[in-house]
Number of protein chains: 2
Amino acid sequence: MAKPPLSRETLLPQLAAHVLNHGLGGASLRPLAKAAGTSDRMLIYHFGNKEQLVADLLDHIAGIYSAALESAIGEQPSATRQECFDRILAQGRHPMMQPFMVLWWEIVAGAARGIPGYREAGEQMMAKQLAWLEKQMPEGDPDPKGGARFLMTLLEGSIMLDTVGHERTAEEGIAAGHL
Amino acid sequence: MAKPPLSRETLLPQLAAHVLNHGLGGASLRPLAKAAGTSDRMLIYHFGNKEQLVADLLDHIAGIYSAALESAIGEQPSATRQECFDRILAQGRHPMMQPFMVLWWEIVAGAARGIPGYREAGEQMMAKQLAWLEKQMPEGDPDPKGGARFLMTLLEGSIMLDTVGHERTAEEGIAAGHL
DNA sequence: AACTGAATGTAGCGATCGCTACAAGGCAAA
DNA sequence: TTTGCCTTGTAGCGATCGCTACATTCAGTT
């Protein structure tokens with residue numbers, strides 16, 4: 001077993017995997033290093049300090065997210081906005097997505113508190129999601145660009161309400177608001 | 001200057017004030033104690049452990065939030081859903097509200113990660129906000145109950161998008177989605 | 001072979017974390 | 001006065017935090 005080279009690039013995927021499973025805020029150097037098969041000493045060596053490591057990591061995760069969206073494109077198109085909304089919300093609620101969601105709210109919370117790198121990562125991920133959503137809009141939609149933004153706002157609100165136990169609230173709101 | 005008695009009840013307001021200004025996740029016992037004019041030793045004595053302290057604190061903050069909403073009721077009513085939405089969003093965007101927002105996203109993130117007490121506090125605060133929003137709905141609204149849930153979903157989505165730098169996205173979405 | 005600089009291991013720094021052991025003070029009941 | 005409980009101060013525990021000093025190994029150049 002040849003020892004693989006260690007660098008930012010080889011480290012980041014393993015660090016990202018650990019963060020997706022164990023959270024971002026509570027991640028400290030030693031567990032991160034262990035997950036990546038190295039030492040805290042080397043993480044600092046390669047990234048300079050923890051703040052830079054987190055910033056690079058968030059950027060990398062945003063890239064992963066983009067790639068995941070790219071590969072998830074081209075399903076059968078939705079016929080209506082309602083159907084489009086329902087499908088994407090169901091996908092977001094899937095247990096498989098939970099690690100992403102946990103991380104996502106950490107990013108939002110970090111952005112709100114002004115932690116360096118968080119807002120940029122969140123902005124980037126939302127921009128990517130928005131672009132993806134535009135392509136998912138129904139074929140003959142009269143205003144795909146505005147509609148995508150409208151659906152996105154509703155989707156994110158719904159997911160947040162889910163997170164604090166208000167699934168019903170969002171559902172009843174959508175039912176009442178003729179999409 | 002008589003020394004005020006120390007108990008959960010007298011401590012909680014001061015702890016809440018500190019948390020609103022310095023965040024919840026990063027709050028450790030010693031700074032909290034200092035802000036409340038006591039010692040970490042006494043915080044543990046009164047609350048048992050930190051987890052219980054945070055749970056009690058979140059409950060208390062939810063109460064503060066409820067009271068703030070109660071007292072903010074009875075402004076001039078909105079004529080349309082759009083006006084209602086605009087007014088509340090503008091209020092949420094006010095710099096004065098930022099400490100609440102920072103804390104709010106911490107609560108959501110904590111709820112997503114399953115930290116004890118976070119989800120309950122978030123649920124309670126959202127329930128209160130929803131009840132408040134129902135009373136803020138326009139006078140002759142055909143479906144105030146469903147409409148409030150719909151507006152709330154949009155509002156929360158908008159505020160989240162704001163937080164990661166997508167103010168325009170939410171605004172354009174609302175403009176496109178004839179309320 | 002000698003030199004050089006990047007990569008890595010070992011060990012530990014000072015700070016902070018949540019929490020506890022222990023003793024002393026305050027006060028009301030006996 | 002004595003007893004006993006509630007409250008509080010002092011001190012410190014073991015663990016973990018981000019980070020660094022120092023020495024060593026290793027690859028490539030000359």
# chains A, B, ... in the order shown; residues from 1 in each chain; ligands from 1
>>> residues_around(residues="segment 146-154 of chain A", least_positions_apart="6", cutoff="10 Å", atoms="only C-alpha atoms (C1' of nucleotides)", output="ChimeraX atom specification")
/A:81-82,84-85,88-89,126,129-138,160,170,173-174,179 /B:150-161,168-178
>>> residues_around(residues="segment 1-8 of chain C", least_positions_apart="4", cutoff="10 Å", atoms="only C-alpha atoms (C1' of nucleotides)", output="ChimeraX atom specification")
/A:6,38-39,41-42,45-46 /D:24-30
>>> write_last_selection(atoms="N, CA and C atoms (P, O5', C5', C4', C3', O3' and C1' of nucleotides)", output="CSV table (one decimal), in the first residue's frame")
chain,number,residue,atom,x,y,z
A,6,LEU,N,-0.2,13.8,0.6
A,6,LEU,CA,-1.1,14.6,1.4
A,6,LEU,C,-0.9,16.0,0.9
A,38,THR,N,-4.3,11.8,9.1
A,38,THR,CA,-3.1,12.6,9.4
A,38,THR,C,-3.2,13.2,10.8
A,39,SER,N,-2.5,14.2,11.0
A,39,SER,CA,-2.4,14.8,12.4
A,39,SER,C,-2.8,16.3,12.3
A,41,ARG,N,-1.3,18.6,13.5
A,41,ARG,CA,0.0,19.3,13.1
A,41,ARG,C,0.0,19.5,11.6
A,42,MET,N,-0.4,18.5,10.8
A,42,MET,CA,-0.3,18.6,9.3
A,42,MET,C,-1.4,19.4,8.8
A,45,TYR,N,-0.3,22.8,9.0
A,45,TYR,CA,0.8,22.9,8.1
A,45,TYR,C,0.3,23.2,6.7
A,46,HIS,N,-0.8,22.5,6.3
A,46,HIS,CA,-1.3,22.6,4.9
A,46,HIS,C,-2.2,23.8,4.7
D,24,DT,P,17.4,14.7,15.8
D,24,DT,O5',16.6,13.9,14.7
D,24,DT,C5',15.4,13.2,15.0
D,24,DT,C4',14.6,13.0,13.7
D,24,DT,C3',15.5,12.4,12.6
D,24,DT,O3',15.0,11.1,12.3
D,24,DT,C1',14.0,14.1,11.8
D,25,DT,P,15.9,10.1,11.4
D,25,DT,O5',15.0,10.0,10.1
D,25,DT,C5',13.6,9.8,10.2
D,25,DT,C4',12.9,10.2,8.9
D,25,DT,C3',13.5,9.6,7.6
D,25,DT,O3',12.5,8.9,6.9
D,25,DT,C1',13.2,11.9,7.4
D,26,DC,P,12.8,7.8,5.8
D,26,DC,O5',12.6,8.7,4.4
D,26,DC,C5',11.4,9.5,4.3
D,26,DC,C4',11.6,10.4,3.1
D,26,DC,C3',12.4,9.8,1.9
D,26,DC,O3',11.5,9.8,0.8
D,26,DC,C1',13.1,12.1,2.5
D,27,DA,P,12.1,9.2,-0.6
D,27,DA,O5',12.1,10.4,-1.6
D,27,DA,C5',11.1,11.4,-1.4
D,27,DA,C4',11.3,12.6,-2.4
D,27,DA,C3',12.0,12.2,-3.7
D,27,DA,O3',11.4,13.0,-4.7
D,27,DA,C1',13.5,13.6,-2.5
D,28,DG,P,11.8,12.7,-6.3
D,28,DG,O5',12.8,13.9,-6.6
D,28,DG,C5',12.3,15.3,-6.4
D,28,DG,C4',13.5,16.2,-6.4
D,28,DG,C3',14.3,16.1,-7.6
D,28,DG,O3',14.4,17.4,-8.2
D,28,DG,C1',15.7,16.1,-5.7
D,29,DT,P,15.3,17.7,-9.5
D,29,DT,O5',16.6,18.5,-9.0
D,29,DT,C5',16.3,19.6,-8.1
D,29,DT,C4',17.7,20.2,-7.8
D,29,DT,C3',18.6,20.4,-8.9
D,29,DT,O3',19.2,21.7,-8.9
D,29,DT,C1',19.7,19.2,-7.2
D,30,DT,P,20.2,22.2,-10.1
D,30,DT,O5',21.6,22.0,-9.5
D,30,DT,C5',21.9,22.6,-8.2
D,30,DT,C4',23.3,22.1,-7.8
D,30,DT,C3',24.4,22.1,-8.8
D,30,DT,O3',25.5,23.0,-8.4
D,30,DT,C1',24.4,20.1,-7.7
>>> interface_residues(of="chain A", to="chain D", cutoff="12 Å", atoms="only C-alpha atoms (C1' of nucleotides)", output="ChimeraX atom specification")
/A:26-31,40-45,48-51
>>> write_last_selection(atoms="C-alpha atoms", output="JSON list (two decimals), in the first residue's frame")
[["chain", "number", "residue", "atom", "x", "y", "z"],
["A", 26, "GLY", "CA", -18.05, 21.32, 16.64],
["A", 27, "ALA", "CA", -15.30, 19.98, 14.43],
["A", 28, "SER", "CA", -11.89, 20.33, 16.02],
["A", 29, "LEU", "CA", -8.54, 19.72, 14.48],
["A", 30, "ARG", "CA", -7.66, 16.41, 16.04],
["A", 31, "PRO", "CA", -10.82, 14.49, 15.07],
["A", 40, "ASP", "CA", -3.59, 18.21, 13.57],
["A", 41, "ARG", "CA", -0.03, 19.26, 13.07],
["A", 42, "MET", "CA", -0.29, 18.61, 9.33],
["A", 43, "LEU", "CA", -3.66, 20.25, 8.94],
["A", 44, "ILE", "CA", -2.21, 23.47, 10.24],
["A", 45, "TYR", "CA", 0.82, 22.94, 8.06],
["A", 48, "GLY", "CA", -2.18, 27.70, 7.79],
["A", 49, "ASN", "CA", -4.81, 27.90, 10.50],
["A", 50, "LYS", "CA", -8.21, 26.55, 11.29],
["A", 51, "GLU", "CA", -10.11, 29.51, 9.92]]
>>> atom_distance(atom1="atom CA of Ala109 of chain A", atom2="atom CA of Val102 of chain B")
6.6 Å
>>> select_by_dssp(residues="segment 23-172 of chain B", states="alpha helix (DSSP H)", output="NGL selection string")
:B and (29-35 or 40-47 or 50-71 or 81-93 or 98-113 or 118-136 or 144-163 or 167-172)
>>> write_last_selection(atoms="C-alpha atoms", output="mmCIF file, in the first residue's frame")
data_model
loop_
_atom_site.group_PDB
_atom_site.id
_atom_site.type_symbol
_atom_site.label_atom_id
_atom_site.label_comp_id
_atom_site.auth_asym_id
_atom_site.auth_seq_id
_atom_site.Cartn_x
_atom_site.Cartn_y
_atom_site.Cartn_z
ATOM 1 C CA LEU B 29 -20.201 28.879 31.617
ATOM 2 C CA ARG B 30 -17.657 31.366 32.848
ATOM 3 C CA PRO B 31 -18.565 34.267 30.548
ATOM 4 C CA LEU B 32 -22.240 33.538 31.109
ATOM 5 C CA ALA B 33 -21.706 33.613 34.850
ATOM 6 C CA LYS B 34 -19.767 36.835 34.663
ATOM 7 C CA ALA B 35 -22.560 38.456 32.675
ATOM 8 C CA ASP B 40 -19.806 29.103 36.878
ATOM 9 C CA ARG B 41 -19.985 27.199 40.126
ATOM 10 C CA MET B 42 -23.377 28.721 40.900
ATOM 11 C CA LEU B 43 -24.757 28.236 37.408
ATOM 12 C CA ILE B 44 -24.189 24.522 37.716
ATOM 13 C CA TYR B 45 -25.615 24.632 41.222
ATOM 14 C CA HIS B 46 -28.837 26.261 40.077
ATOM 15 C CA PHE B 47 -29.325 24.486 36.768
ATOM 16 C CA LYS B 50 -25.064 23.119 31.113
ATOM 17 C CA GLU B 51 -27.500 21.198 28.971
ATOM 18 C CA GLN B 52 -30.307 21.976 31.382
ATOM 19 C CA LEU B 53 -29.207 25.579 31.601
ATOM 20 C CA VAL B 54 -29.399 25.945 27.837
ATOM 21 C CA ALA B 55 -32.798 24.265 27.720
ATOM 22 C CA ASP B 56 -34.155 26.572 30.411
ATOM 23 C CA LEU B 57 -32.558 29.526 28.706
ATOM 24 C CA LEU B 58 -34.137 28.703 25.370
ATOM 25 C CA ASP B 59 -37.493 28.343 27.040
ATOM 26 C CA HIS B 60 -37.046 31.700 28.693
ATOM 27 C CA ILE B 61 -36.011 33.348 25.448
ATOM 28 C CA ALA B 62 -39.048 31.888 23.731
ATOM 29 C CA GLY B 63 -41.075 33.603 26.432
ATOM 30 C CA ILE B 64 -39.350 36.899 25.797
ATOM 31 C CA TYR B 65 -40.044 36.511 22.116
ATOM 32 C CA SER B 66 -43.703 35.820 22.801
ATOM 33 C CA ALA B 67 -43.992 38.866 24.978
ATOM 34 C CA ALA B 68 -42.304 41.023 22.345
ATOM 35 C CA LEU B 69 -44.801 39.846 19.756
ATOM 36 C CA GLU B 70 -47.721 40.438 22.101
ATOM 37 C CA SER B 71 -46.660 43.987 22.725
ATOM 38 C CA ARG B 81 -51.337 40.295 1.912
ATOM 39 C CA GLN B 82 -48.570 41.964 -0.032
ATOM 40 C CA GLU B 83 -48.586 44.921 2.326
ATOM 41 C CA CYS B 84 -48.665 42.622 5.319
ATOM 42 C CA PHE B 85 -45.741 40.642 3.951
ATOM 43 C CA ASP B 86 -43.714 43.722 3.120
ATOM 44 C CA ARG B 87 -44.219 45.241 6.525
ATOM 45 C CA ILE B 88 -43.214 42.156 8.460
ATOM 46 C CA LEU B 89 -40.232 41.447 6.258
ATOM 47 C CA ALA B 90 -39.033 45.016 6.679
ATOM 48 C CA GLN B 91 -39.371 44.602 10.412
ATOM 49 C CA GLY B 92 -37.381 41.376 10.333
ATOM 50 C CA ARG B 93 -34.663 43.057 8.317
ATOM 51 C CA GLN B 98 -30.311 41.162 14.055
ATOM 52 C CA PRO B 99 -29.394 39.701 17.444
ATOM 53 C CA PHE B 100 -32.674 37.832 17.430
ATOM 54 C CA MET B 101 -31.986 36.587 13.930
ATOM 55 C CA VAL B 102 -28.511 35.376 14.769
ATOM 56 C CA LEU B 103 -29.924 33.500 17.695
ATOM 57 C CA TRP B 104 -32.785 32.187 15.635
ATOM 58 C CA TRP B 105 -30.525 30.524 13.092
ATOM 59 C CA GLU B 106 -28.517 29.010 15.886
ATOM 60 C CA ILE B 107 -31.717 27.503 17.207
ATOM 61 C CA VAL B 108 -32.615 26.124 13.806
ATOM 62 C CA ALA B 109 -29.130 24.696 13.348
ATOM 63 C CA GLY B 110 -29.278 23.157 16.812
ATOM 64 C CA ALA B 111 -32.688 21.687 16.065
ATOM 65 C CA ALA B 112 -31.368 20.171 12.852
ATOM 66 C CA ARG B 113 -28.521 18.573 14.747
ATOM 67 C CA TYR B 118 -33.489 23.484 20.492
ATOM 68 C CA ARG B 119 -36.261 21.986 18.464
ATOM 69 C CA GLU B 120 -38.771 22.560 21.232
ATOM 70 C CA ALA B 121 -37.780 26.200 21.549
ATOM 71 C CA GLY B 122 -37.926 26.718 17.805
ATOM 72 C CA GLU B 123 -41.312 25.063 17.583
ATOM 73 C CA GLN B 124 -42.644 27.210 20.380
ATOM 74 C CA MET B 125 -41.357 30.416 18.850
ATOM 75 C CA MET B 126 -42.715 29.599 15.419
ATOM 76 C CA ALA B 127 -46.094 28.704 16.876
ATOM 77 C CA LYS B 128 -46.220 32.039 18.619
ATOM 78 C CA GLN B 129 -45.163 33.891 15.517
ATOM 79 C CA LEU B 130 -47.787 32.083 13.497
ATOM 80 C CA ALA B 131 -50.533 33.002 15.933
ATOM 81 C CA TRP B 132 -49.356 36.574 15.831
ATOM 82 C CA LEU B 133 -49.241 36.601 12.061
ATOM 83 C CA GLU B 134 -52.811 35.357 11.868
ATOM 84 C CA LYS B 135 -53.941 38.440 13.726
ATOM 85 C CA GLN B 136 -51.915 40.643 11.407
ATOM 86 C CA PRO B 144 -56.564 34.124 7.176
ATOM 87 C CA LYS B 145 -55.469 30.814 8.650
ATOM 88 C CA GLY B 146 -54.062 29.330 5.486
ATOM 89 C CA GLY B 147 -52.865 32.695 4.277
ATOM 90 C CA ALA B 148 -50.870 33.256 7.442
ATOM 91 C CA ARG B 149 -49.144 29.920 6.974
ATOM 92 C CA PHE B 150 -48.416 30.766 3.389
ATOM 93 C CA LEU B 151 -46.987 34.163 4.253
ATOM 94 C CA MET B 152 -44.970 32.701 7.082
ATOM 95 C CA THR B 153 -43.344 30.159 4.786
ATOM 96 C CA LEU B 154 -42.463 32.914 2.366
ATOM 97 C CA LEU B 155 -41.231 35.187 5.120
ATOM 98 C CA GLU B 156 -38.923 32.620 6.617
ATOM 99 C CA GLY B 157 -37.602 31.672 3.216
ATOM 100 C CA SER B 158 -36.940 35.320 2.458
ATOM 101 C CA ILE B 159 -35.112 35.901 5.693
ATOM 102 C CA MET B 160 -32.961 32.864 5.182
ATOM 103 C CA LEU B 161 -32.043 33.968 1.685
ATOM 104 C CA ASP B 162 -31.220 37.386 3.103
ATOM 105 C CA THR B 163 -28.853 35.796 5.553
ATOM 106 C CA GLU B 167 -31.855 39.447 -0.795
ATOM 107 C CA ARG B 168 -32.512 40.000 -4.478
ATOM 108 C CA THR B 169 -33.496 36.394 -5.037
ATOM 109 C CA ALA B 170 -36.250 36.558 -2.463
ATOM 110 C CA GLU B 171 -37.448 39.957 -3.634
ATOM 111 C CA GLU B 172 -37.643 38.903 -7.255
#
>>> interface_residues(of="chain C", to="chain B", cutoff="12 Å", atoms="only C-alpha atoms (C1' of nucleotides)", output="ChimeraX atom specification")
/C:16-21
>>> atom_distance(atom1="atom CA of Gly23 of chain B", atom2="atom CA of Leu20 of chain A")
22.9 Å
>>> closest_residue(among="B:Ala72, B:Leu24, B:Leu11, B:Ala17", to="chain A", atoms="only C-alpha atoms")
B:Leu24
>>> decode(residues="segment 12-28 of chain D", atoms="N, CA and C atoms (P, O5', C5', C4', C3', O3' and C1' of nucleotides)", output="PDB file, in the first residue's frame")
ATOM      1  P    DG D  12      -5.071  25.289  44.084  1.00  0.00           P
ATOM      2  O5'  DG D  12      -5.651  24.128  43.151  1.00  0.00           O
ATOM      3  C5'  DG D  12      -6.293  23.035  43.779  1.00  0.00           C
ATOM      4  C4'  DG D  12      -7.102  22.267  42.770  1.00  0.00           C
ATOM      5  C3'  DG D  12      -6.353  21.898  41.483  1.00  0.00           C
ATOM      6  O3'  DG D  12      -6.323  20.510  41.342  1.00  0.00           O
ATOM      7  C1'  DG D  12      -8.545  22.624  41.046  1.00  0.00           C
ATOM      8  P    DC D  13      -5.213  19.828  40.465  1.00  0.00           P
ATOM      9  O5'  DC D  13      -5.893  18.486  40.000  1.00  0.00           O
ATOM     10  C5'  DC D  13      -6.936  17.907  40.798  1.00  0.00           C
ATOM     11  C4'  DC D  13      -8.048  17.424  39.901  1.00  0.00           C
ATOM     12  C3'  DC D  13      -7.544  16.868  38.569  1.00  0.00           C
ATOM     13  O3'  DC D  13      -7.580  15.459  38.595  1.00  0.00           O
ATOM     14  C1'  DC D  13      -9.457  18.309  38.274  1.00  0.00           C
ATOM     15  P    DG D  14      -6.481  14.659  37.829  1.00  0.00           P
ATOM     16  O5'  DG D  14      -7.154  14.404  36.406  1.00  0.00           O
ATOM     17  C5'  DG D  14      -8.412  13.743  36.346  1.00  0.00           C
ATOM     18  C4'  DG D  14      -9.093  14.074  35.040  1.00  0.00           C
ATOM     19  C3'  DG D  14      -8.267  13.728  33.787  1.00  0.00           C
ATOM     20  O3'  DG D  14      -9.139  13.142  32.855  1.00  0.00           O
ATOM     21  C1'  DG D  14      -8.932  15.979  33.706  1.00  0.00           C
ATOM     22  P    DA D  15      -8.523  12.443  31.535  1.00  0.00           P
ATOM     23  O5'  DA D  15      -9.179  13.263  30.330  1.00  0.00           O
ATOM     24  C5'  DA D  15     -10.549  13.585  30.402  1.00  0.00           C
ATOM     25  C4'  DA D  15     -10.867  14.736  29.468  1.00  0.00           C
ATOM     26  C3'  DA D  15     -10.176  14.638  28.096  1.00  0.00           C
ATOM     27  O3'  DA D  15     -11.171  14.517  27.093  1.00  0.00           O
ATOM     28  C1'  DA D  15      -9.991  16.840  29.047  1.00  0.00           C
ATOM     29  P    DT D  16     -10.764  14.158  25.614  1.00  0.00           P
ATOM     30  O5'  DT D  16     -10.694  15.593  24.911  1.00  0.00           O
ATOM     31  C5'  DT D  16     -11.788  16.481  25.028  1.00  0.00           C
ATOM     32  C4'  DT D  16     -11.362  17.867  24.625  1.00  0.00           C
ATOM     33  C3'  DT D  16     -10.604  17.926  23.283  1.00  0.00           C
ATOM     34  O3'  DT D  16     -11.453  18.533  22.317  1.00  0.00           O
ATOM     35  C1'  DT D  16      -9.677  19.377  24.950  1.00  0.00           C
ATOM     36  P    DC D  17     -10.939  18.724  20.814  1.00  0.00           P
ATOM     37  O5'  DC D  17     -10.437  20.233  20.797  1.00  0.00           O
ATOM     38  C5'  DC D  17     -11.345  21.254  21.210  1.00  0.00           C
ATOM     39  C4'  DC D  17     -10.641  22.593  21.302  1.00  0.00           C
ATOM     40  C3'  DC D  17      -9.637  22.843  20.188  1.00  0.00           C
ATOM     41  O3'  DC D  17     -10.315  23.400  19.079  1.00  0.00           O
ATOM     42  C1'  DC D  17      -8.743  23.487  22.321  1.00  0.00           C
ATOM     43  P    DG D  18      -9.712  23.157  17.599  1.00  0.00           P
ATOM     44  O5'  DG D  18      -8.646  24.323  17.455  1.00  0.00           O
ATOM     45  C5'  DG D  18      -9.024  25.665  17.671  1.00  0.00           C
ATOM     46  C4'  DG D  18      -7.791  26.548  17.750  1.00  0.00           C
ATOM     47  C3'  DG D  18      -6.900  26.517  16.509  1.00  0.00           C
ATOM     48  O3'  DG D  18      -6.422  27.835  16.243  1.00  0.00           O
ATOM     49  C1'  DG D  18      -5.661  25.823  18.396  1.00  0.00           C
ATOM     50  P    DC D  19      -5.501  28.105  14.913  1.00  0.00           P
ATOM     51  O5'  DC D  19      -4.038  27.868  15.496  1.00  0.00           O
ATOM     52  C5'  DC D  19      -3.651  28.529  16.689  1.00  0.00           C
ATOM     53  C4'  DC D  19      -2.310  28.025  17.180  1.00  0.00           C
ATOM     54  C3'  DC D  19      -1.206  27.932  16.109  1.00  0.00           C
ATOM     55  O3'  DC D  19      -0.279  28.978  16.343  1.00  0.00           O
ATOM     56  C1'  DC D  19      -1.149  26.119  17.661  1.00  0.00           C
ATOM     57  P    DT D  20       0.943  29.220  15.394  1.00  0.00           P
ATOM     58  O5'  DT D  20       2.144  28.532  16.203  1.00  0.00           O
ATOM     59  C5'  DT D  20       2.276  28.779  17.590  1.00  0.00           C
ATOM     60  C4'  DT D  20       3.487  28.037  18.125  1.00  0.00           C
ATOM     61  C3'  DT D  20       4.698  28.008  17.191  1.00  0.00           C
ATOM     62  O3'  DT D  20       5.857  28.268  17.961  1.00  0.00           O
ATOM     63  C1'  DT D  20       4.144  25.812  17.842  1.00  0.00           C
ATOM     64  P    DA D  21       7.179  28.784  17.268  1.00  0.00           P
ATOM     65  O5'  DA D  21       8.283  27.965  18.085  1.00  0.00           O
ATOM     66  C5'  DA D  21       7.999  27.573  19.428  1.00  0.00           C
ATOM     67  C4'  DA D  21       8.980  26.487  19.869  1.00  0.00           C
ATOM     68  C3'  DA D  21      10.289  26.459  19.093  1.00  0.00           C
ATOM     69  O3'  DA D  21      11.346  26.091  19.962  1.00  0.00           O
ATOM     70  C1'  DA D  21       9.145  24.414  18.761  1.00  0.00           C
ATOM     71  P    DC D  22      12.837  26.159  19.479  1.00  0.00           P
ATOM     72  O5'  DC D  22      13.151  24.636  19.164  1.00  0.00           O
ATOM     73  C5'  DC D  22      12.695  23.619  20.047  1.00  0.00           C
ATOM     74  C4'  DC D  22      12.915  22.254  19.424  1.00  0.00           C
ATOM     75  C3'  DC D  22      14.124  22.168  18.483  1.00  0.00           C
ATOM     76  O3'  DC D  22      14.998  21.161  18.929  1.00  0.00           O
ATOM     77  C1'  DC D  22      12.213  21.177  17.501  1.00  0.00           C
ATOM     78  P    DA D  23      16.399  20.932  18.175  1.00  0.00           P
ATOM     79  O5'  DA D  23      16.208  19.467  17.590  1.00  0.00           O
ATOM     80  C5'  DA D  23      15.544  18.492  18.382  1.00  0.00           C
ATOM     81  C4'  DA D  23      15.076  17.345  17.508  1.00  0.00           C
ATOM     82  C3'  DA D  23      16.147  16.849  16.524  1.00  0.00           C
ATOM     83  O3'  DA D  23      16.242  15.444  16.609  1.00  0.00           O
ATOM     84  C1'  DA D  23      14.138  17.365  15.375  1.00  0.00           C
ATOM     85  P    DT D  24      17.426  14.677  15.821  1.00  0.00           P
ATOM     86  O5'  DT D  24      16.634  13.917  14.650  1.00  0.00           O
ATOM     87  C5'  DT D  24      15.413  13.235  14.963  1.00  0.00           C
ATOM     88  C4'  DT D  24      14.649  12.985  13.696  1.00  0.00           C
ATOM     89  C3'  DT D  24      15.482  12.377  12.567  1.00  0.00           C
ATOM     90  O3'  DT D  24      15.033  11.057  12.314  1.00  0.00           O
ATOM     91  C1'  DT D  24      14.022  14.106  11.785  1.00  0.00           C
ATOM     92  P    DT D  25      15.893  10.080  11.376  1.00  0.00           P
ATOM     93  O5'  DT D  25      14.989   9.966  10.067  1.00  0.00           O
ATOM     94  C5'  DT D  25      13.576   9.812  10.204  1.00  0.00           C
ATOM     95  C4'  DT D  25      12.894  10.212   8.907  1.00  0.00           C
ATOM     96  C3'  DT D  25      13.501   9.583   7.649  1.00  0.00           C
ATOM     97  O3'  DT D  25      12.473   8.937   6.929  1.00  0.00           O
ATOM     98  C1'  DT D  25      13.176  11.918   7.360  1.00  0.00           C
ATOM     99  P    DC D  26      12.817   7.846   5.784  1.00  0.00           P
ATOM    100  O5'  DC D  26      12.608   8.688   4.439  1.00  0.00           O
ATOM    101  C5'  DC D  26      11.404   9.461   4.295  1.00  0.00           C
ATOM    102  C4'  DC D  26      11.556  10.418   3.129  1.00  0.00           C
ATOM    103  C3'  DC D  26      12.354   9.838   1.946  1.00  0.00           C
ATOM    104  O3'  DC D  26      11.548   9.849   0.783  1.00  0.00           O
ATOM    105  C1'  DC D  26      13.065  12.052   2.502  1.00  0.00           C
ATOM    106  P    DA D  27      12.102   9.176  -0.588  1.00  0.00           P
ATOM    107  O5'  DA D  27      12.104  10.435  -1.581  1.00  0.00           O
ATOM    108  C5'  DA D  27      11.096  11.441  -1.417  1.00  0.00           C
ATOM    109  C4'  DA D  27      11.348  12.608  -2.355  1.00  0.00           C
ATOM    110  C3'  DA D  27      11.989  12.235  -3.690  1.00  0.00           C
ATOM    111  O3'  DA D  27      11.434  13.022  -4.720  1.00  0.00           O
ATOM    112  C1'  DA D  27      13.473  13.623  -2.456  1.00  0.00           C
ATOM    113  P    DG D  28      11.819  12.705  -6.256  1.00  0.00           P
ATOM    114  O5'  DG D  28      12.761  13.947  -6.626  1.00  0.00           O
ATOM    115  C5'  DG D  28      12.293  15.264  -6.356  1.00  0.00           C
ATOM    116  C4'  DG D  28      13.457  16.231  -6.364  1.00  0.00           C
ATOM    117  C3'  DG D  28      14.346  16.148  -7.620  1.00  0.00           C
ATOM    118  O3'  DG D  28      14.441  17.437  -8.198  1.00  0.00           O
ATOM    119  C1'  DG D  28      15.654  16.122  -5.652  1.00  0.00           C
TER     120       DG D  28
END
